[in-house]
4 protein chains.
Amino acid sequence: MKAPQILNDLLARVTEVGESLMTRAKARPVSLTNRCEDLLTGAGEATGLALASEILERYQRLDRDEKHAFFVDLHARFGVDFALLAASIDAWQSAPDDTTARDLHFACEPRSQELIRRLNRVPGGTAALVAMRADLLRSLRDEPVLKQLDRDFHHLFSSWFNRGFLELRAIDWSTPAAILEKIIAYEAVHQINGWDDLRRRVAARDRRLYAFFHPALTNEPLIFVEVALARDIPDAIGPVLAEGRDEMDPRDATTAVFYSISNCQPGLRGVSFGNFLIKQVVEELRRQFENLDTFVTLSPVPGLRRWARAQCSVEESALTEAQQAAVALLDPVDGSIEGAAMADAVEKLPGIAARYLVEAHGSQGGAADPVARFHLGNGARLERINPGADHSARGLETAWGVMVNYLYHLADIEKNHEAYATLGEIKHSPSVRHLLRAR
Amino acid sequence: MKAPQILNDLLARVTEVGESLMTRAKARPVSLTNRCEDLLTGAGEATGLALASEILERYQRLDRDEKHAFFVDLHARFGVDFALLAASIDAWQSAPDDTTARDLHFACEPRSQELIRRLNRVPGGTAALVAMRADLLRSLRDEPVLKQLDRDFHHLFSSWFNRGFLELRAIDWSTPAAILEKIIAYEAVHQINGWDDLRRRVAARDRRLYAFFHPALTNEPLIFVEVALARDIPDAIGPVLAEGRDEMDPRDATTAVFYSISNCQPGLRGVSFGNFLIKQVVEELRRQFENLDTFVTLSPVPGLRRWARAQCSVEESALTEAQQAAVALLDPVDGSIEGAAMADAVEKLPGIAARYLVEAHGSQGGAADPVARFHLGNGARLERINPGADHSARGLETAWGVMVNYLYHLADIEKNHEAYATLGEIKHSPSVRHLLRAR
Amino acid sequence: MKAPQILNDLLARVTEVGESLMTRAKARPVSLTNRCEDLLTGAGEATGLALASEILERYQRLDRDEKHAFFVDLHARFGVDFALLAASIDAWQSAPDDTTARDLHFACEPRSQELIRRLNRVPGGTAALVAMRADLLRSLRDEPVLKQLDRDFHHLFSSWFNRGFLELRAIDWSTPAAILEKIIAYEAVHQINGWDDLRRRVAARDRRLYAFFHPALTNEPLIFVEVALARDIPDAIGPVLAEGRDEMDPRDATTAVFYSISNCQPGLRGVSFGNFLIKQVVEELRRQFENLDTFVTLSPVPGLRRWARAQCSVEESALTEAQQAAVALLDPVDGSIEGAAMADAVEKLPGIAARYLVEAHGSQGGAADPVARFHLGNGARLERINPGADHSARGLETAWGVMVNYLYHLADIEKNHEAYATLGEIKHSPSVRHLLRAR
Amino acid sequence: MKAPQILNDLLARVTEVGESLMTRAKARPVSLTNRCEDLLTGAGEATGLALASEILERYQRLDRDEKHAFFVDLHARFGVDFALLAASIDAWQSAPDDTTARDLHFACEPRSQELIRRLNRVPGGTAALVAMRADLLRSLRDEPVLKQLDRDFHHLFSSWFNRGFLELRAIDWSTPAAILEKIIAYEAVHQINGWDDLRRRVAARDRRLYAFFHPALTNEPLIFVEVALARDIPDAIGPVLAEGRDEMDPRDATTAVFYSISNCQPGLRGVSFGNFLIKQVVEELRRQFENLDTFVTLSPVPGLRRWARAQCSVEESALTEAQQAAVALLDPVDGSIEGAAMADAVEKLPGIAARYLVEAHGSQGGAADPVARFHLGNGARLERINPGADHSARGLETAWGVMVNYLYHLADIEKNHEAYATLGEIKHSPSVRHLLRAR
């Protein structure tokens, strides 16, 4: 019996793909891991600098599939030395003490760690490795086993990007354009629309922008926060960013508003700086402006709409029927929540958001909302819920325009953090409490 | 029967000392490790920065004994988590794969590593930790178990002081005095006698001084090398350092002489930079001066005399009888190897040194002499042996004034390194070979 | 007899204007010159710094008319001391020697010079004075006597902005935005259309931009030149500025093209830097790129059309009849010189331009065209005439799109300069000579 | 009759010297002024930079006599253009107005001014010209006519070193050694004995050193002042400079003591910065330390002894007989004013000094003492007279160890300055007044 043509075609295609993969696997990636092996064993060169450069350069020329194959190969060949591990376990088991335990730790270090350290030695090595990890994070979506390899990157980056090695810099109009254009590119919350918009955010006398830098990543901000100096806690983002708004004398400001925080390096995902950044900026601002006494964010609530919709179809909804009706009305976001018909529904948003932020929990405990998790974990409290605060497409799409303020009250930060970290308690202001009670 | 008074006194003293130790143990050090525990568990504070600062400040005020007690306590309390380790071993043994192996590695990381990383977060943290390790290295002489704790420092410092994070700087007369005075203090080979001597070494147009710095250690050189630009390979240190010598136009130089390499930070012992430093300086000099074609050291032979003396009392001596006789004559170094009686003995020194440098082996393989090990390991070859090259007290004391040149011939460096690293082969010039043959 | 109403109205208006002038004259400006008098006599203050600051600040708040009145007053009150001058002339005439001559010079220094020097003492003083002179230059158009006052500014600025005090800086993408935005604003020849266009001119690897700065004018370029590195002498500006053009490796470039030179400070008019700038940039580029052997401009011919038109209506025209016919055809510039009908006329443009550039003379000798005067005076020669080189509105409007190249041939610069400066000889290439001959 | 041999020899020698002078005069100096003529007329070169460099380099190689000849030649050839001057006088006399007066001023500018401006254009030109003027100042002692040439230097330097172009820098231990060694060399009041002494003056936390710099003189301080932060007004220099003294927390200081002011550049004599320096340092210190309320000097009285001796032999002595007797006793300074015999005489020194400082007048009015003239002219008042304050050889030699404090009381500075400048009034404290009364 003859197989149908389609099966033959399929077979041919599979063969073709397989051969292509083989070719690639034999070609550059494999030889590249061979070079990595050379680098690790120190064969052929005293310092390995030329070899490390060669590997990083060849890596950069790989296409996406080749990089994927390289990671797979790397993971397979540069893991833990099993023989050494077994021997160390024997040693520990026959004499279980601190020394054999530590020996065991060092004995089972994945070989990829030392490889990464050696690749880092050359000029530009750190930047190349951060970029490599960004590739790896993409790659591991399809190949979860690569998460193991990523642990090495994450472990080393956490050590190398230790807070003690970071430098806080004020970004302003005297900053080189090469850095400023990265600020434009990296702003992830409220897009910066070109150089004029940037100028309003960094050169106005009542605006500040601070970033962390690492000495080995020249001109590359790691994370930055944008600050508005103001007289009150703002209830909408529009006036903060408005072209042509009145500037104020920063010495008169009482309130510093963190209205945008952006991580810049996908390759540093999971290495957290934000907490340190906010606290150092608070210190820096207090040193400069003695009238400042309120430190507050103006933050999005990215998970609100998705959660509220889900609450309309579960059995034991966290929302009242009236709230559910409002959600149903608001749901088909068409770019506007204006109009008489909506007014009533919009009025219910603060109550809905309060419920989401204070009572909904994430899969690993803590608040359900990622932004809430960040600020609450830093010791801030949920201060105020502002409907109609963000008219951008994304703001409407994710939270019907709701934004919230988290308050960093210095005297309470540690207490709040402690209560949140150990008891999962979510601190909130009386006004939020009031919203919750109004069931 | 009554014990003699002296025993009573002794008993009293012992009790007193014991109580004093107890007091101390209870007092600051213990509470300090308690604070370390707080830092590690994150109790009480969101970022731990204040706590880390407190610990480092309190540590600095401890006296030597208290520091020792602190280290002992730290080692006892911040080792590997045995329960976690045991569970991880179980997991690995029931499913021995890459994932369980890596889990095991991270599970048995000594807790002191994370503690050190957290202490590093504060401004000045890195410097404080480098100083702390210098204390620890002193402490572990009496308490070898602390070597285990030191492995964590060494491991982290090796990672943090990765070549990729170091910065090469030329030190010259435009360098801040705060750094220059450290160069004076840290020079370990040929002492710098005040600012005028320093000026001759950094500001003369045919002299250079290069150092590695780390961004977190402001104004603190890690290692530096002093270079003389010359027309020939020098055979004595005196003329290199002489006051009032004629300077030459550096563009006419053909030879760069590395006449002194000093490590500056006792707390970074075992974290090696020298290899990288020399190679980067070679590159830097070649870029600046196109006539340079010879890169060579003028180095001490610190182990010569001790080895030669030992060879006079072993059964199968590496030295000929004539050589042994010369050693016997030279042995009582009294500050001078001059004089007619000595002349003959001195003439035998090159042959003796050749034997020592090429044929004697260290306990862990490789050359016996530590300076030889360093340069040969870098891929240099032993080029020439110079008797009467160093009239300083130490030069006479350790090597009867003998110094040697190691040649960094760029085309051969990798080959030499390879031969030395894998086969233990010690490359040497024809002139040294000639000395060896002349048995 | 009654005067007609119109005369009455006129009288009223004159009175009104007069009073207004009186009021102003009495009000701030006069009191400001009184303060200047205090500053000059040193009354009331040891250093005069506070007083100088006060004067400059009050000046900045004046409106245009008040500034004008201030200048008039200043000129009237801070001129030469006539009594002193007369006495010094007497002294000179009774003993005409070097000493009395020099005494005379210092005695008749206008008092405004010392006033300007004292105003310069305060931080920001130089910038304020440069701005003041820009106002003065506007003012003197209506009040030619102020040219006398301007001589003092010009004299002092020429001394203060001496070449020896200027600093050449490469402007690139690492330059602070505060400076870059000034480059955008000051470009006077080929407008920079925003930051992307700027980036193409300063950050492309085959483009350079150099500027002169003065230490007392922070962040303020005085003059800058834009350079394209290329393989050939360009014959049109379009491809030089094109978005998306191919960049070349600058090390392969043989030709440096100065395609735009802009003076930035109206207040420094007549203080010439361009000559020094071009020559220093040539040196700088030669140091960096050894393959460069041709230094050439791509320059506008701003006076071409006006001159050519004038030549159509004079008796003894410098143009042939055919050329005049072409001019007549081309004259009504409507944004385009394309089209079959035009082709013939356009072909005649090089010959017309050659005649203008080489044979037409300015009112004070030298070439008639101001750009030609600048480059010929620097020692360049007229190299090539490019029709259809500039399609911008201004290029068509002033020169029917013609641009020219001036060649800076290093070996000939001095000779060319000399011939031009002393004999008025305009050096030009054989190809230009050919155009001239083709009458 | 034959002349004695010695006369012949003398004649020969004179001839020889004469010829040598002629040779020199014809050779370099003359040709150098010829080159200056070229530079001024612009002959032969577009920018004159190469020519200016050549002249400055050739000048530096001249010996002292040749330089002298060069100045004489320069003065003779680059004075005022008499013909032009005469014509301008005619023009002025036929129409004596502002325009002809100003024309006259510019017409009779000595040609040497423009020459100096052109020499300044090259890199290093300013430094070379400052050095040239130092030579000129030496030269004019023997050739007073050169004072005329010096007026040009002084005039231009006063303009170029305008306060607005100077930069105040704090000199501390982070300052490059190249600058610090100049501070050591230039200290003119209380010699700095090497680097350790310097370190005590710039790196101690209660000491400061500030200097003025000019952008064109890299690494060259123009003038500097040394400051001690203290709790009281000091009455002797010894404790201020003492090795091993206790440092204080500068935030506790109430008093800033200016204990040494040194001009660094002989070539800038007569261009005064000291006044500006002190006032800017006062501002700077007040910004840093809020507890500072007293600004005072500790100053020498260089003219005291000479004046007091003179008062012993004039008819109408300013001193009482008892004072004269004390002077007679003290006069033969032998390095010590100790001893019982002296005690009484020393007690009279404050009264004598008070008389000198308050009542003696200089040849051009003002205080007789040069240091007093400087501080009183700045608006300080004479605060206290301290006998036994300076045990250095010079202190004893010039003032029997007396030092004084001048007080800069901010609220009174202008008033004091005014009173001194216009009325010659010398402000002094009640304690000084008391000394004066005690006749």
# chains A, B, ... in the order shown; residues from 1 in each chain; ligands from 1
>>> residues_around(residues="range 52-63 of chain C", least_positions_apart="5", cutoff="9 Å", atoms="only C-alpha atoms", output="PyMOL selection string")
chain C and resi 28-29+32-33+35-36+39+68+70+118-123+125+128-129+132
>>> interface_residues(of="chain C", to="chain A", cutoff="9 Å", atoms="only C-alpha atoms", output="list of chain:residue names")
C:Asp172, C:Trp173, C:Ser174, C:Thr175, C:Pro176, C:Ala177, C:Ala178, C:Ile179, C:Leu180, C:Gly194, C:Trp195
>>> select_by_dssp(residues="range 251-397 of chain D", states="strand (DSSP E)", output="MDAnalysis selection string")
chainID D and resid 255:263 294:297 299:300 381:386
>>> write_last_selection(atoms="N, CA, C and O atoms", output="tab-separated table (two decimals), in the first residue's frame")
chain	number	residue	atom	x	y	z
D	255	THR	N	35.49	80.01	63.61
D	255	THR	CA	36.44	80.99	63.10
D	255	THR	C	37.23	80.40	61.93
D	255	THR	O	37.74	79.29	62.04
D	256	ALA	N	37.27	81.15	60.84
D	256	ALA	CA	38.13	80.76	59.73
D	256	ALA	C	39.32	81.69	59.70
D	256	ALA	O	39.15	82.91	59.63
D	257	VAL	N	40.51	81.12	59.76
D	257	VAL	CA	41.74	81.91	59.84
D	257	VAL	C	42.50	81.82	58.52
D	257	VAL	O	42.92	80.73	58.12
D	258	PHE	N	42.67	82.94	57.84
D	258	PHE	CA	43.48	82.98	56.63
D	258	PHE	C	44.92	83.22	57.08
D	258	PHE	O	45.28	84.34	57.40
D	259	TYR	N	45.70	82.15	57.11
D	259	TYR	CA	47.02	82.32	57.72
D	259	TYR	C	48.14	82.43	56.71
D	259	TYR	O	49.31	82.57	57.09
D	260	SER	N	47.80	82.36	55.42
D	260	SER	CA	48.86	82.51	54.42
D	260	SER	C	48.23	82.77	53.05
D	260	SER	O	47.33	82.06	52.63
D	261	ILE	N	48.69	83.78	52.39
D	261	ILE	CA	48.24	84.08	51.02
D	261	ILE	C	49.47	84.25	50.15
D	261	ILE	O	50.35	85.04	50.48
D	262	SER	N	49.53	83.48	49.06
D	262	SER	CA	50.73	83.53	48.22
D	262	SER	C	50.38	83.75	46.77
D	262	SER	O	49.55	83.03	46.20
D	263	ASN	N	51.02	84.73	46.16
D	263	ASN	CA	50.93	84.89	44.72
D	263	ASN	C	51.91	83.93	44.08
D	263	ASN	O	53.03	83.74	44.57
D	294	THR	N	33.28	84.16	62.23
D	294	THR	CA	34.43	85.05	62.31
D	294	THR	C	35.43	84.70	61.20
D	294	THR	O	35.86	83.55	61.10
D	295	PHE	N	35.79	85.71	60.42
D	295	PHE	CA	36.76	85.51	59.35
D	295	PHE	C	37.92	86.46	59.59
D	295	PHE	O	37.73	87.68	59.62
D	296	VAL	N	39.09	85.90	59.77
D	296	VAL	CA	40.18	86.69	60.30
D	296	VAL	C	41.48	86.21	59.69
D	296	VAL	O	41.58	85.06	59.27
D	297	THR	N	42.47	87.09	59.63
D	297	THR	CA	43.77	86.63	59.15
D	297	THR	C	44.72	86.44	60.33
D	297	THR	O	44.44	86.88	61.44
D	299	SER	N	48.51	87.49	60.16
D	299	SER	CA	49.35	88.09	59.13
D	299	SER	C	50.66	88.62	59.68
D	299	SER	O	50.73	89.08	60.82
D	300	PRO	N	51.70	88.60	58.84
D	300	PRO	CA	52.98	89.20	59.23
D	300	PRO	C	52.89	90.73	59.15
D	300	PRO	O	51.95	91.28	58.61
D	381	ARG	N	39.46	95.16	59.19
D	381	ARG	CA	39.96	96.11	60.17
D	381	ARG	C	41.07	95.45	60.98
D	381	ARG	O	41.14	94.22	61.09
D	382	LEU	N	41.94	96.27	61.51
D	382	LEU	CA	43.04	95.78	62.33
D	382	LEU	C	42.46	95.36	63.67
D	382	LEU	O	41.91	96.18	64.41
D	383	GLU	N	42.58	94.08	63.99
D	383	GLU	CA	41.84	93.55	65.14
D	383	GLU	C	42.69	93.37	66.38
D	383	GLU	O	42.30	93.76	67.46
D	384	ARG	N	43.87	92.78	66.20
D	384	ARG	CA	44.66	92.45	67.38
D	384	ARG	C	46.13	92.36	67.00
D	384	ARG	O	46.46	91.96	65.87
D	385	ILE	N	46.98	92.73	67.93
D	385	ILE	CA	48.43	92.67	67.69
D	385	ILE	C	49.00	91.63	68.63
D	385	ILE	O	48.76	91.67	69.84
D	386	ASN	N	49.73	90.65	68.06
D	386	ASN	CA	50.21	89.51	68.84
D	386	ASN	C	51.73	89.49	68.90
D	386	ASN	O	52.37	89.12	67.91
>>> select_by_dssp(residues="range 175-419 of chain D", states="helix (DSSP H, G or I)", output="ChimeraX atom specification")
/D:177-186,194-202,238-241,250-252,266-268,274-288,304-311,321-330,340-347,349-359,370-377,393-399,410-419
>>> write_last_selection(atoms="C-alpha atoms", output="tab-separated table (two decimals), in the first residue's frame")
chain	number	residue	atom	x	y	z
D	177	ALA	CA	50.60	65.78	42.56
D	178	ALA	CA	51.66	68.05	39.69
D	179	ILE	CA	49.62	70.86	41.24
D	180	LEU	CA	50.48	70.04	44.83
D	181	GLU	CA	54.19	70.28	44.18
D	182	LYS	CA	53.60	73.78	42.88
D	183	ILE	CA	51.78	74.72	46.06
D	184	ILE	CA	54.87	73.58	47.96
D	185	ALA	CA	57.10	75.60	45.68
D	186	TYR	CA	54.99	78.76	45.66
D	194	GLY	CA	57.79	68.70	52.08
D	195	TRP	CA	54.82	66.48	51.45
D	196	ASP	CA	54.03	65.63	55.05
D	197	ASP	CA	53.74	69.28	55.94
D	198	LEU	CA	51.60	69.85	52.86
D	199	ARG	CA	49.35	66.96	53.85
D	200	ARG	CA	48.76	68.61	57.22
D	201	ARG	CA	47.70	71.80	55.47
D	202	VAL	CA	45.39	70.37	52.81
D	238	GLY	CA	53.28	77.88	65.61
D	239	PRO	CA	50.22	76.03	66.93
D	240	VAL	CA	48.46	76.47	63.61
D	241	LEU	CA	51.20	74.62	61.72
D	250	PRO	CA	35.17	71.45	61.15
D	251	ARG	CA	31.44	71.67	61.80
D	252	ASP	CA	32.23	72.98	65.28
D	266	PRO	CA	55.82	86.61	39.05
D	267	GLY	CA	54.74	87.32	35.48
D	268	LEU	CA	51.32	88.44	36.75
D	274	GLY	CA	43.74	88.50	46.37
D	275	ASN	CA	40.75	90.63	47.17
D	276	PHE	CA	38.46	88.46	45.06
D	277	LEU	CA	39.98	85.27	46.39
D	278	ILE	CA	39.39	86.09	50.06
D	279	LYS	CA	35.82	87.13	49.47
D	280	GLN	CA	34.94	84.10	47.42
D	281	VAL	CA	36.52	81.78	49.96
D	282	VAL	CA	34.50	83.44	52.72
D	283	GLU	CA	31.33	82.74	50.74
D	284	GLU	CA	32.38	79.18	50.03
D	285	LEU	CA	33.14	78.46	53.69
D	286	ARG	CA	29.93	80.02	54.90
D	287	ARG	CA	28.00	77.78	52.53
D	288	GLN	CA	29.73	74.72	53.95
D	304	LEU	CA	57.66	96.93	61.39
D	305	ARG	CA	61.32	96.69	62.34
D	306	ARG	CA	62.65	98.85	59.57
D	307	TRP	CA	60.12	101.55	60.36
D	308	ALA	CA	60.67	101.39	64.12
D	309	ARG	CA	64.44	101.71	63.72
D	310	ALA	CA	63.98	104.68	61.47
D	311	GLN	CA	61.78	106.29	64.12
D	321	GLU	CA	61.13	107.64	74.36
D	322	ALA	CA	60.35	104.46	76.21
D	323	GLN	CA	59.36	102.85	72.96
D	324	GLN	CA	62.52	104.03	71.29
D	325	ALA	CA	64.53	102.56	74.12
D	326	ALA	CA	62.76	99.25	73.63
D	327	VAL	CA	63.53	99.33	69.93
D	328	ALA	CA	67.18	100.00	70.66
D	329	LEU	CA	67.30	97.05	72.99
D	330	LEU	CA	65.54	94.72	70.55
D	340	ALA	CA	64.46	88.40	81.20
D	341	ALA	CA	66.29	91.47	79.90
D	342	MET	CA	64.06	91.50	76.87
D	343	ALA	CA	60.73	90.88	78.56
D	344	ASP	CA	60.06	94.51	79.17
D	345	ALA	CA	60.99	95.56	75.68
D	346	VAL	CA	58.82	92.86	74.13
D	347	GLU	CA	55.89	94.12	76.16
D	349	LEU	CA	56.02	95.84	70.90
D	350	PRO	CA	52.21	95.92	70.58
D	351	GLY	CA	52.17	99.63	71.23
D	352	ILE	CA	54.94	100.21	68.70
D	353	ALA	CA	53.20	98.04	66.11
D	354	ALA	CA	49.89	99.80	66.69
D	355	ARG	CA	51.52	103.11	65.98
D	356	TYR	CA	53.17	101.75	62.84
D	357	LEU	CA	50.08	100.15	61.46
D	358	VAL	CA	47.58	102.88	62.24
D	359	GLU	CA	49.60	106.05	61.98
D	370	PRO	CA	52.17	96.38	52.47
D	371	VAL	CA	50.21	93.57	54.10
D	372	ALA	CA	48.13	96.11	56.03
D	373	ARG	CA	47.47	97.98	52.81
D	374	PHE	CA	46.14	94.82	51.18
D	375	HIS	CA	43.72	93.83	53.94
D	376	LEU	CA	42.59	97.33	54.86
D	377	GLY	CA	41.99	98.01	51.19
D	393	ALA	CA	63.98	83.73	61.19
D	394	ARG	CA	62.07	86.00	58.90
D	395	GLY	CA	59.40	86.78	61.48
D	396	LEU	CA	62.08	87.85	63.96
D	397	GLU	CA	64.12	89.63	61.35
D	398	THR	CA	61.32	91.80	60.06
D	399	ALA	CA	59.02	92.25	63.04
D	410	LEU	CA	31.06	91.05	56.54
D	411	ALA	CA	28.60	93.74	57.54
D	412	ASP	CA	31.38	96.33	57.75
D	413	ILE	CA	33.57	95.40	54.81
D	414	GLU	CA	32.12	97.89	52.35
D	415	LYS	CA	31.98	100.70	54.89
D	416	ASN	CA	35.55	100.05	55.96
D	417	HIS	CA	36.76	99.86	52.40
D	418	GLU	CA	35.01	103.12	51.56
D	419	ALA	CA	36.45	104.92	54.59
>>> residues_around(residues="Arg141 in chain D", least_positions_apart="6", cutoff="12 Å", atoms="only C-alpha atoms", output="PyMOL selection string")
chain D and resi 68+134-135+147+150
>>> write_last_selection(atoms="N, CA, C and O atoms", output="PDB file, in the first residue's frame")
ATOM      1  N   HIS D  68      67.179  90.253  27.013  1.00  0.00           N
ATOM      2  CA  HIS D  68      67.207  91.684  27.267  1.00  0.00           C
ATOM      3  C   HIS D  68      67.271  92.448  25.933  1.00  0.00           C
ATOM      4  O   HIS D  68      66.512  93.389  25.699  1.00  0.00           O
ATOM      5  N   ALA D 134      57.773  87.804  33.185  1.00  0.00           N
ATOM      6  CA  ALA D 134      58.639  87.673  34.361  1.00  0.00           C
ATOM      7  C   ALA D 134      60.064  88.062  33.984  1.00  0.00           C
ATOM      8  O   ALA D 134      60.753  88.770  34.730  1.00  0.00           O
ATOM      9  N   ASP D 135      60.509  87.629  32.805  1.00  0.00           N
ATOM     10  CA  ASP D 135      61.833  88.026  32.318  1.00  0.00           C
ATOM     11  C   ASP D 135      61.894  89.542  32.135  1.00  0.00           C
ATOM     12  O   ASP D 135      62.876  90.191  32.511  1.00  0.00           O
ATOM     13  N   LYS D 147      59.741  99.758  30.995  1.00  0.00           N
ATOM     14  CA  LYS D 147      58.456  99.881  31.686  1.00  0.00           C
ATOM     15  C   LYS D 147      57.338 100.182  30.704  1.00  0.00           C
ATOM     16  O   LYS D 147      56.193  99.822  30.916  1.00  0.00           O
ATOM     17  N   ASP D 150      56.282  97.049  29.287  1.00  0.00           N
ATOM     18  CA  ASP D 150      55.570  96.274  30.307  1.00  0.00           C
ATOM     19  C   ASP D 150      54.127  96.734  30.468  1.00  0.00           C
ATOM     20  O   ASP D 150      53.262  95.950  30.864  1.00  0.00           O
TER      21      ASP D 150
END
>>> atom_distance(atom1="CA of Ala87 in chain C", atom2="CA of Ser112 in chain C")
20.1 Å
>>> atom_distance(atom1="CA of Met403 in chain D", atom2="CA of Asn378 in chain D")
18.5 Å
>>> closest_residue(among="B:Leu407, B:Leu229, B:Ala367, B:Ala242", to="Ile426 in chain B", atoms="only C-alpha atoms")
B:Ala367
>>> atom_distance(atom1="CA of Gly303 in chain C", atom2="CA of Asp369 in chain C")
5.6 Å
>>> closest_residue(among="B:Ile192, B:Asp206, B:Phe224, B:Ala230", to="Glu247 in chain B", atoms="only C-alpha atoms")
B:Asp206
